[in-house]
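Asks: Structure file structure06.cif, mmCIF, C-alpha atoms, is pasted below:
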```
data_upload
loop_
_atom_site.label_atom_id
_atom_site.label_comp_id
_atom_site.auth_asym_id
_atom_site.auth_seq_id
_atom_site.Cartn_x
_atom_site.Cartn_y
_atom_site.Cartn_z
CA MET A 1 38.23 -16.06 11.77
CA ALA A 2 40.04 -19.39 12.06
CA LYS A 3 43.79 -19.20 12.20
CA ALA A 4 45.69 -20.43 9.18
CA SER A 5 46.95 -24.01 9.26
CA ASN A 6 50.61 -24.95 9.11
CA TYR A 7 49.58 -27.92 6.99
CA THR A 8 48.25 -28.35 3.47
CA SER A 9 45.87 -31.19 2.69
CA LYS A 10 46.76 -33.47 -0.21
CA THR A 11 44.44 -33.50 -3.19
CA PRO A 12 43.27 -36.91 -4.46
CA ASP A 13 44.23 -37.71 -8.08
CA GLU A 14 41.67 -38.33 -10.85
CA ASN A 15 41.07 -41.84 -9.46
CA GLY A 16 40.49 -40.54 -5.93
CA VAL A 17 43.88 -41.84 -4.75
CA ILE A 18 46.00 -39.78 -2.37
CA HIS A 19 49.74 -40.29 -2.79
CA TRP A 20 51.54 -40.44 0.54
CA SER A 21 55.31 -40.40 0.99
CA ASP A 22 57.20 -43.23 2.69
CA GLU A 23 57.82 -40.95 5.69
CA GLU A 24 54.11 -40.08 5.99
CA ASN A 25 53.19 -43.77 5.91
CA LYS A 26 55.87 -44.45 8.52
CA ILE A 27 54.44 -41.75 10.83
CA TRP A 28 50.98 -43.32 10.43
CA SER A 29 52.37 -46.77 11.21
CA GLU A 30 54.09 -45.54 14.39
CA LEU A 31 51.02 -43.58 15.54
CA VAL A 32 48.73 -46.58 15.04
CA ALA A 33 51.07 -48.99 16.86
CA ARG A 34 51.50 -46.64 19.81
CA GLN A 35 47.80 -45.84 20.17
CA LEU A 36 46.56 -49.43 19.80
CA ALA A 37 48.75 -50.37 22.78
CA CYS A 38 47.55 -47.31 24.69
CA ILE A 39 43.77 -47.89 24.30
CA GLU A 40 43.84 -51.61 25.16
CA GLY A 41 41.26 -52.22 27.88
CA LYS A 42 40.22 -48.57 27.77
CA ALA A 43 38.30 -48.16 24.48
CA CYS A 44 34.60 -49.11 24.51
CA ASP A 45 33.49 -52.39 22.88
CA GLU A 46 31.66 -50.53 20.09
CA TYR A 47 34.91 -48.83 19.10
CA MET A 48 36.89 -52.07 19.13
CA LYS A 49 34.22 -53.82 17.00
CA GLY A 50 34.24 -50.88 14.59
CA LEU A 51 38.02 -51.02 14.38
CA LYS A 52 37.77 -54.66 13.25
CA LYS A 53 35.19 -53.69 10.61
CA ILE A 54 37.21 -50.85 9.08
CA ASN A 55 40.32 -53.05 9.21
CA LEU A 56 42.85 -50.23 9.17
CA PRO A 57 46.20 -50.97 7.51
CA HIS A 58 49.05 -50.59 9.98
CA ASP A 59 51.83 -50.05 7.46
CA ARG A 60 50.30 -47.21 5.43
CA ILE A 61 47.65 -44.50 5.50
CA PRO A 62 44.38 -45.97 4.17
CA GLN A 63 42.72 -44.59 1.06
CA LEU A 64 39.38 -42.94 1.78
CA SER A 65 37.65 -45.29 -0.69
CA GLU A 66 38.61 -48.26 1.54
CA LEU A 67 36.86 -46.66 4.50
CA ASN A 68 33.87 -45.57 2.44
CA GLU A 69 33.18 -49.11 1.34
CA VAL A 70 32.78 -50.25 4.96
CA LEU A 71 30.99 -47.15 6.27
CA LEU A 72 28.48 -47.12 3.43
CA ALA A 73 27.65 -50.80 4.02
CA THR A 74 27.25 -50.40 7.79
CA THR A 75 25.61 -47.01 8.45
CA GLY A 76 25.40 -45.20 5.11
CA TRP A 77 28.20 -42.78 6.00
CA GLN A 78 31.20 -41.67 3.93
CA VAL A 79 34.41 -39.80 4.65
CA ALA A 80 35.09 -36.68 2.59
CA PRO A 81 38.52 -35.14 1.92
CA VAL A 82 38.72 -31.52 3.11
CA PRO A 83 41.37 -28.80 3.45
CA ALA A 84 43.29 -28.59 6.72
CA LEU A 85 40.73 -26.15 8.15
CA ILE A 86 37.06 -25.74 7.16
CA ASP A 87 34.40 -23.34 8.43
CA PHE A 88 31.39 -24.34 10.53
CA ASP A 89 29.01 -24.06 7.58
CA GLU A 90 30.90 -26.67 5.62
CA PHE A 91 31.48 -28.85 8.69
CA PHE A 92 27.76 -29.00 9.52
CA ARG A 93 26.77 -29.39 5.86
CA LEU A 94 28.97 -32.46 5.51
CA LEU A 95 27.70 -34.10 8.70
CA ALA A 96 24.09 -33.32 7.71
CA ASN A 97 24.80 -35.30 4.51
CA LYS A 98 26.40 -38.22 6.39
CA GLN A 99 29.88 -37.24 5.25
CA PHE A 100 32.61 -37.09 7.87
CA PRO A 101 35.28 -34.50 7.02
CA VAL A 102 38.84 -35.83 6.92
CA ALA A 103 41.70 -33.38 6.51
CA THR A 104 44.09 -35.15 4.15
CA PHE A 105 47.39 -34.37 5.82
CA ILE A 106 49.31 -36.13 8.56
CA ARG A 107 51.23 -34.46 11.36
CA SER A 108 54.96 -33.89 11.12
CA ARG A 109 57.38 -35.78 13.34
CA GLU A 110 57.94 -32.53 15.29
CA GLU A 111 54.26 -32.60 16.32
CA PHE A 112 54.07 -36.39 16.73
CA ASP A 113 52.78 -36.27 20.32
CA TYR A 114 50.31 -33.42 20.10
CA LEU A 115 48.65 -31.56 17.27
CA GLN A 116 46.05 -28.87 17.90
CA GLU A 117 44.30 -29.26 14.54
CA PRO A 118 42.80 -32.61 13.50
CA ASP A 119 44.88 -34.58 10.98
CA ILE A 120 44.03 -37.77 9.09
CA PHE A 121 45.22 -39.95 11.98
CA HIS A 122 42.89 -38.24 14.45
CA GLU A 123 39.93 -38.31 12.05
CA ILE A 124 40.32 -41.92 10.92
CA PHE A 125 41.73 -43.65 14.01
CA GLY A 126 39.70 -41.52 16.42
CA HIS A 127 36.31 -41.38 14.71
CA CYS A 128 35.76 -43.80 11.83
CA ALA A 129 35.40 -46.96 13.92
CA MET A 130 32.57 -45.36 15.91
CA LEU A 131 30.81 -44.32 12.70
CA THR A 132 30.10 -48.02 12.03
CA ASN A 133 27.80 -47.96 15.08
CA PRO A 134 24.18 -47.03 14.16
CA ASP A 135 23.46 -45.09 17.38
CA PHE A 136 26.65 -43.05 17.17
CA ALA A 137 26.15 -42.49 13.43
CA GLU A 138 22.57 -41.25 13.92
CA PHE A 139 23.63 -38.89 16.73
CA THR A 140 26.36 -37.39 14.53
CA HIS A 141 23.96 -37.06 11.58
CA LYS A 142 21.31 -35.30 13.70
CA TYR A 143 23.97 -33.02 15.14
CA GLY A 144 24.99 -32.00 11.62
CA GLN A 145 21.39 -31.28 10.63
CA LEU A 146 20.80 -29.16 13.74
CA GLY A 147 24.06 -27.29 13.32
CA TYR A 148 23.52 -26.57 9.64
CA ALA A 149 20.09 -25.04 10.35
CA ALA A 150 21.18 -23.17 13.51
CA GLU A 151 22.15 -19.54 13.84
CA LYS A 152 25.77 -18.70 14.59
CA LYS A 153 25.08 -17.82 18.26
CA ASP A 154 23.42 -21.23 18.78
CA ARG A 155 26.20 -23.20 17.10
CA VAL A 156 28.53 -22.34 19.99
CA TYR A 157 26.20 -24.25 22.32
CA LEU A 158 25.89 -27.18 19.94
CA ALA A 159 29.69 -27.30 19.65
CA ARG A 160 29.86 -28.06 23.38
CA MET A 161 27.60 -31.07 22.92
CA TYR A 162 29.86 -32.41 20.15
CA TRP A 163 32.98 -31.73 22.22
CA PHE A 164 31.78 -33.67 25.26
CA THR A 165 30.46 -36.64 23.23
CA VAL A 166 32.02 -37.26 19.81
CA GLU A 167 35.41 -35.82 20.81
CA PHE A 168 35.72 -36.39 24.57
CA GLY A 169 32.91 -38.78 25.49
CA LEU A 170 33.24 -41.49 28.15
CA MET A 171 30.96 -44.41 29.00
CA GLN A 172 30.32 -46.20 32.31
CA THR A 173 30.11 -49.94 31.63
CA GLU A 174 29.98 -53.14 33.68
CA LYS A 175 33.71 -53.43 33.02
CA GLY A 176 34.35 -49.89 34.26
CA LEU A 177 35.05 -46.59 32.51
CA ARG A 178 35.46 -46.83 28.75
CA ILE A 179 36.28 -44.26 26.04
CA TYR A 180 34.27 -43.55 22.89
CA GLY A 181 35.38 -39.96 22.10
CA GLY A 182 37.84 -39.66 19.22
CA GLY A 183 39.79 -36.81 20.81
CA ILE A 184 40.76 -39.16 23.64
CA LEU A 185 41.13 -42.33 21.56
CA SER A 186 43.69 -40.68 19.25
CA SER A 187 45.73 -39.10 22.08
CA PRO A 188 48.07 -41.14 24.29
CA GLY A 189 48.27 -38.40 26.90
CA GLU A 190 44.52 -37.93 27.20
CA THR A 191 43.87 -41.70 27.20
CA GLN A 192 46.06 -42.07 30.29
CA TYR A 193 44.82 -38.84 31.88
CA VAL A 194 41.12 -39.83 32.01
CA TYR A 195 42.08 -42.76 34.26
CA SER A 196 43.98 -40.54 36.70
CA ASP A 197 42.41 -38.88 39.74
CA THR A 198 42.77 -35.42 38.19
CA PRO A 199 39.68 -34.82 36.01
CA GLU A 200 36.12 -34.52 37.24
CA ILE A 201 33.81 -37.10 35.65
CA ASN A 202 30.05 -36.49 35.76
CA PRO A 203 27.01 -38.33 34.40
CA MET A 204 25.71 -36.89 31.11
CA ASN A 205 23.13 -34.15 31.44
CA VAL A 206 22.53 -32.46 28.09
CA LEU A 207 21.56 -29.09 29.58
CA ASP A 208 24.73 -29.07 31.71
CA VAL A 209 26.85 -30.01 28.71
CA LEU A 210 25.44 -27.11 26.66
CA ARG A 211 26.45 -24.77 29.48
CA THR A 212 29.98 -26.13 30.06
CA PRO A 213 32.88 -24.07 28.65
CA TYR A 214 35.93 -25.90 27.31
CA ARG A 215 39.38 -25.17 25.96
CA ILE A 216 40.87 -27.10 23.07
CA ASP A 217 44.53 -26.67 24.07
CA ILE A 218 44.57 -28.30 27.53
CA MET A 219 43.76 -31.65 29.10
CA GLN A 220 40.05 -31.59 29.88
CA PRO A 221 39.27 -30.84 33.55
CA LEU A 222 35.77 -32.31 33.12
CA TYR A 223 34.23 -35.22 31.19
CA TYR A 224 30.66 -36.51 30.91
CA THR A 225 29.68 -40.18 30.84
CA ILE A 226 26.83 -42.02 29.15
CA ASN A 227 25.70 -45.50 30.27
CA SER A 228 25.50 -47.06 26.81
CA ILE A 229 26.02 -45.94 23.25
CA HIS A 230 22.24 -46.05 22.79
CA ASP A 231 22.06 -43.00 25.10
CA LEU A 232 23.43 -40.99 22.15
CA PHE A 233 20.55 -42.10 19.95
CA GLU A 234 18.11 -41.04 22.68
CA ILE A 235 19.81 -37.63 22.93
CA SER A 236 19.48 -37.26 19.15
CA GLN A 237 15.71 -37.62 19.53
CA MET A 238 15.45 -34.83 22.14
CA ASP A 239 14.39 -31.27 21.34
CA ILE A 240 17.98 -30.05 21.47
CA MET A 241 17.26 -26.50 20.26
CA THR A 242 14.79 -25.93 23.12
CA LEU A 243 17.54 -27.06 25.50
CA VAL A 244 19.90 -24.57 23.79
CA GLU A 245 17.39 -21.78 24.57
CA GLN A 246 17.25 -22.93 28.19
CA ALA A 247 21.06 -23.00 28.36
CA LYS A 248 21.23 -19.45 27.01
CA ALA A 249 18.72 -18.26 29.61
CA LEU A 250 20.58 -19.96 32.48
CA GLY A 251 24.05 -18.87 31.36
CA LEU A 252 27.34 -20.76 31.32
CA HIS A 253 28.82 -22.71 34.20
CA GLU A 254 31.98 -21.32 35.76
CA PRO A 255 35.00 -22.58 33.74
CA LYS A 256 37.10 -25.24 35.49
CA PHE A 257 40.26 -23.94 33.85
CA PRO A 258 42.27 -20.70 33.93
CA PRO A 259 41.68 -18.15 31.16
CA LYS A 260 43.99 -18.43 28.18
CA GLU A 261 46.94 -16.07 28.52
CA LYS A 262 46.87 -13.32 25.96
CA LEU A 263 50.09 -12.80 24.05
CA ALA A 264 51.63 -9.38 24.55
CA SER A 265 51.20 -7.24 21.45
#
```
Have the structure of the file written as structure tokens, please.
Replies:
Amino acid sequence: MAKASNYTSKTPDENGVIHWSDEENKIWSELVARQLACIEGKACDEYMKGLKKINLPHDRIPQLSELNEVLLATTGWQVAPVPALIDFDEFFRLLANKQFPVATFIRSREEFDYLQEPDIFHEIFGHCAMLTNPDFAEFTHKYGQLGYAAEKKDRVYLARMYWFTVEFGLMQTEKGLRIYGGGILSSPGETQYVYSDTPEINPMNVLDVLRTPYRIDIMQPLYYTINSIHDLFEISQMDIMTLVEQAKALGLHEPKFPPKEKLAS
């Protein structure tokens, strides 16, 4: 069971408009300004091109209809408003239908620097620019289709593939290491951290990725790199579920992080 969220998503009105407060728009504005400065020279070219296409307002939270207009015209995707937390069934169903779930709340000022659950800033700033790229969009669509059809025990393996690509993916380019994963692109701490000497950075191997444990509440000790965004399209054409079976047979790699401390009862 997923833990309950501290946040409540806003419901669009009859015209599909979400009404944000001045303070919520101000938080968005500050988050965007800070992160744009942080990702300069670090985000991949595909992300920066996508950012130009979606043309995010800096002074207010965008309406989902503004994003949908661009996404539909570029890759046939849409964003869909969802509650703060959704289950895997709904998550995969949306992706399988080319709808990217966006929780319609924004973090409080108390959690300005780090939020464990994805808010509208993470979803839009982190992911929507990449969804204008056909290779990335097709990979995400195929992932949704696979996940929706998969059994629960197999979804855990698929989740690792999503984690190390869509959320925390890196790319080796002629200009050096670049970021395409939304979990990094929306986090100032993680954006700086990937360029430190601390994490291990390995070339993408899908079977290894399916076998790599991760924790959501720490800086990642390990990242995987692709060589171009087209690599994601090529991965989407692989027989991923056969690789999942192989990963299950081989077992998981040793975690590169300490076990999570259990709270005393």
Asks: Between A:Met48, A:Ala4, A:Leu243, A:Ile61, which is the closest to Glu30 in chain A once you count all atoms listed in the file?
Replies: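 Once distances to Glu30 in chain A are computed over all atoms listed in the file, the minimum belongs to A:Ile61.
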Asks: Considering all atoms listed in the file, state which residue in the set A:Glu111, A:Glu190, A:Glu117, A:Glu167 is at the smallest distance from Tyr224 in chain A.
Replies: A:Glu167
Asks: Between range 21-58 of chain A and range 172-183 of chain A, at 6 Å or less, what are the per-residue closest atom pairs and their distances in Å? Count all atoms listed in the file, order by chain and rising residue number, and return it as CSV.
Replies:
```
residue,atom,partner,partner_atom,distance
A:Lys42,CA,A:Arg178,CA,5.2
A:Ala43,CA,A:Ile179,CA,4.7
A:Cys44,CA,A:Arg178,CA,4.9
```
Asks: For the file shown, what are the residues hit by the PyMOL selection byres ((chain A and resi 197-209) around 9), laid out as a ChimeraX atom specification?
Replies: /A:157,160-161,164,170,172,193-196,210-213,219-227,235,240,243-244,246-247,252-253
Asks: Name the residues that the PyMOL selection byres ((chain A and resi 46) around 8) picks from the file above, as a PyMOL selection string, using the file's chain letters and numbers.
Replies: chain A and resi 44-45+47-50+130+133+180+229
Asks: Would you export the selected residues with C-alpha atoms as a compact mmCIF listing (two decimals), in the coordinates of the input, please?
Replies:
```
# COMPACT_ATOMS: atom_id res chain seq x y z
CA CYS A 44 34.60 -49.11 24.51
CA ASP A 45 33.49 -52.39 22.88
CA TYR A 47 34.91 -48.83 19.10
CA MET A 48 36.89 -52.07 19.13
CA LYS A 49 34.22 -53.82 17.00
CA GLY A 50 34.24 -50.88 14.59
CA MET A 130 32.57 -45.36 15.91
CA ASN A 133 27.80 -47.96 15.08
CA TYR A 180 34.27 -43.55 22.89
CA ILE A 229 26.02 -45.94 23.25
```
Asks: On this structure, the PyMOL selection byres ((chain A and resi 38) around 10) would catch which residues? List them as a list in words, sorted by chain and number.
Replies: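 That expression, the PyMOL selection byres ((chain A and resi 38) around 10), corresponds here to Val32, Ala33, Arg34, Gln35, Leu36, Ala37, Ile39, Glu40, Gly41, Lys42, Ala43, Leu185, Ser186, Ser187, Pro188, Gly189, Thr191 and Gln192 of chain A.
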Asks: Hey, which of A:Leu85, A:Leu146, A:Ile216, A:Leu31 ends up closest to Thr8 in chain A? Count only C-alpha atoms.
Replies: A:Leu85
Asks: Please determine, counting only C-alpha atoms, which residue among A:Met171, A:Ala84, A:His230, A:Glu138 has the shortest atom-to-atom distance to Thr11 in chain A.
Replies: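 Answer, going by the shortest atom-to-atom distance: A:Ala84.
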Asks: Restricting the calculation to all atoms listed in the file: of A:Lys26, A:Lys260, A:Lys10, A:Lys248, which residue gets closest to Arg109 in chain A?
Replies: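 With all atoms listed in the file as the atom set, the closest residue is A:Lys26.
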Asks: Using only C-alpha atoms, can you tell me which of A:Val17, A:Leu115, A:Leu250, A:Ala159 comes closest to Ile218 in chain A?
Replies: A:Leu115
Asks: Using all atoms listed in the file, determine which residues lie at most 6 Å from range 100-107 of chain A, disregarding the query and same-chain residues fewer than 2 positions distant; provide the list as number ranges by chain.
Replies: A: 9-10, 79-84, 95, 119-120, 123
Asks: Can you pull out the residues contacting Glu23 in chain A? Cut-off 10 Å, using only C-alpha atoms, and skip same-chain residues under 4 positions away; I want them as an MDAnalysis selection string.
Replies: chainID A and resid 27:29 60 108:109
Asks: Which protein, DNA or RNA residues have an atom at most 10 Å from (27.9, -29.3, 15.7), counting all atoms listed in the file? List them as a PDB file with C-alpha atoms, in the frame of the given file.
Replies:
```pdb
ATOM      1  CA  PHE A  88      31.390 -24.340  10.530  1.00  0.00           C
ATOM      2  CA  ASP A  89      29.010 -24.060   7.580  1.00  0.00           C
ATOM      3  CA  PHE A  91      31.480 -28.850   8.690  1.00  0.00           C
ATOM      4  CA  PHE A  92      27.760 -29.000   9.520  1.00  0.00           C
ATOM      5  CA  ARG A  93      26.770 -29.390   5.860  1.00  0.00           C
ATOM      6  CA  LEU A  95      27.700 -34.100   8.700  1.00  0.00           C
ATOM      7  CA  ALA A  96      24.090 -33.320   7.710  1.00  0.00           C
ATOM      8  CA  THR A 140      26.360 -37.390  14.530  1.00  0.00           C
ATOM      9  CA  HIS A 141      23.960 -37.060  11.580  1.00  0.00           C
ATOM     10  CA  LYS A 142      21.310 -35.300  13.700  1.00  0.00           C
ATOM     11  CA  TYR A 143      23.970 -33.020  15.140  1.00  0.00           C
ATOM     12  CA  GLY A 144      24.990 -32.000  11.620  1.00  0.00           C
ATOM     13  CA  GLN A 145      21.390 -31.280  10.630  1.00  0.00           C
ATOM     14  CA  LEU A 146      20.800 -29.160  13.740  1.00  0.00           C
ATOM     15  CA  GLY A 147      24.060 -27.290  13.320  1.00  0.00           C
ATOM     16  CA  TYR A 148      23.520 -26.570   9.640  1.00  0.00           C
ATOM     17  CA  ALA A 150      21.180 -23.170  13.510  1.00  0.00           C
ATOM     18  CA  ASP A 154      23.420 -21.230  18.780  1.00  0.00           C
ATOM     19  CA  ARG A 155      26.200 -23.200  17.100  1.00  0.00           C
ATOM     20  CA  VAL A 156      28.530 -22.340  19.990  1.00  0.00           C
ATOM     21  CA  TYR A 157      26.200 -24.250  22.320  1.00  0.00           C
ATOM     22  CA  LEU A 158      25.890 -27.180  19.940  1.00  0.00           C
ATOM     23  CA  ALA A 159      29.690 -27.300  19.650  1.00  0.00           C
ATOM     24  CA  ARG A 160      29.860 -28.060  23.380  1.00  0.00           C
ATOM     25  CA  MET A 161      27.600 -31.070  22.920  1.00  0.00           C
ATOM     26  CA  TYR A 162      29.860 -32.410  20.150  1.00  0.00           C
ATOM     27  CA  TRP A 163      32.980 -31.730  22.220  1.00  0.00           C
ATOM     28  CA  VAL A 166      32.020 -37.260  19.810  1.00  0.00           C
TER      29      VAL A 166
END
```
Asks: Rounded to one decimal place, report the CA of Phe139 in chain A-CA of Ser236 in chain A distance in Å.
Replies: 5.1 Å
Asks: One decimal, in Å: what's the spacing between CA of Ala137 in chain A and CA of Lys152 in chain A?
Replies: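 These atoms are spaced 23.8 Å apart.
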Asks: Could you work out how far CA of Gln63 in chain A lies from CA of Pro12 in chain A, giving the answer in Å with one decimal?
Replies: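 CA of Gln63 in chain A lies at a distance of 9.5 Å from CA of Pro12 in chain A.
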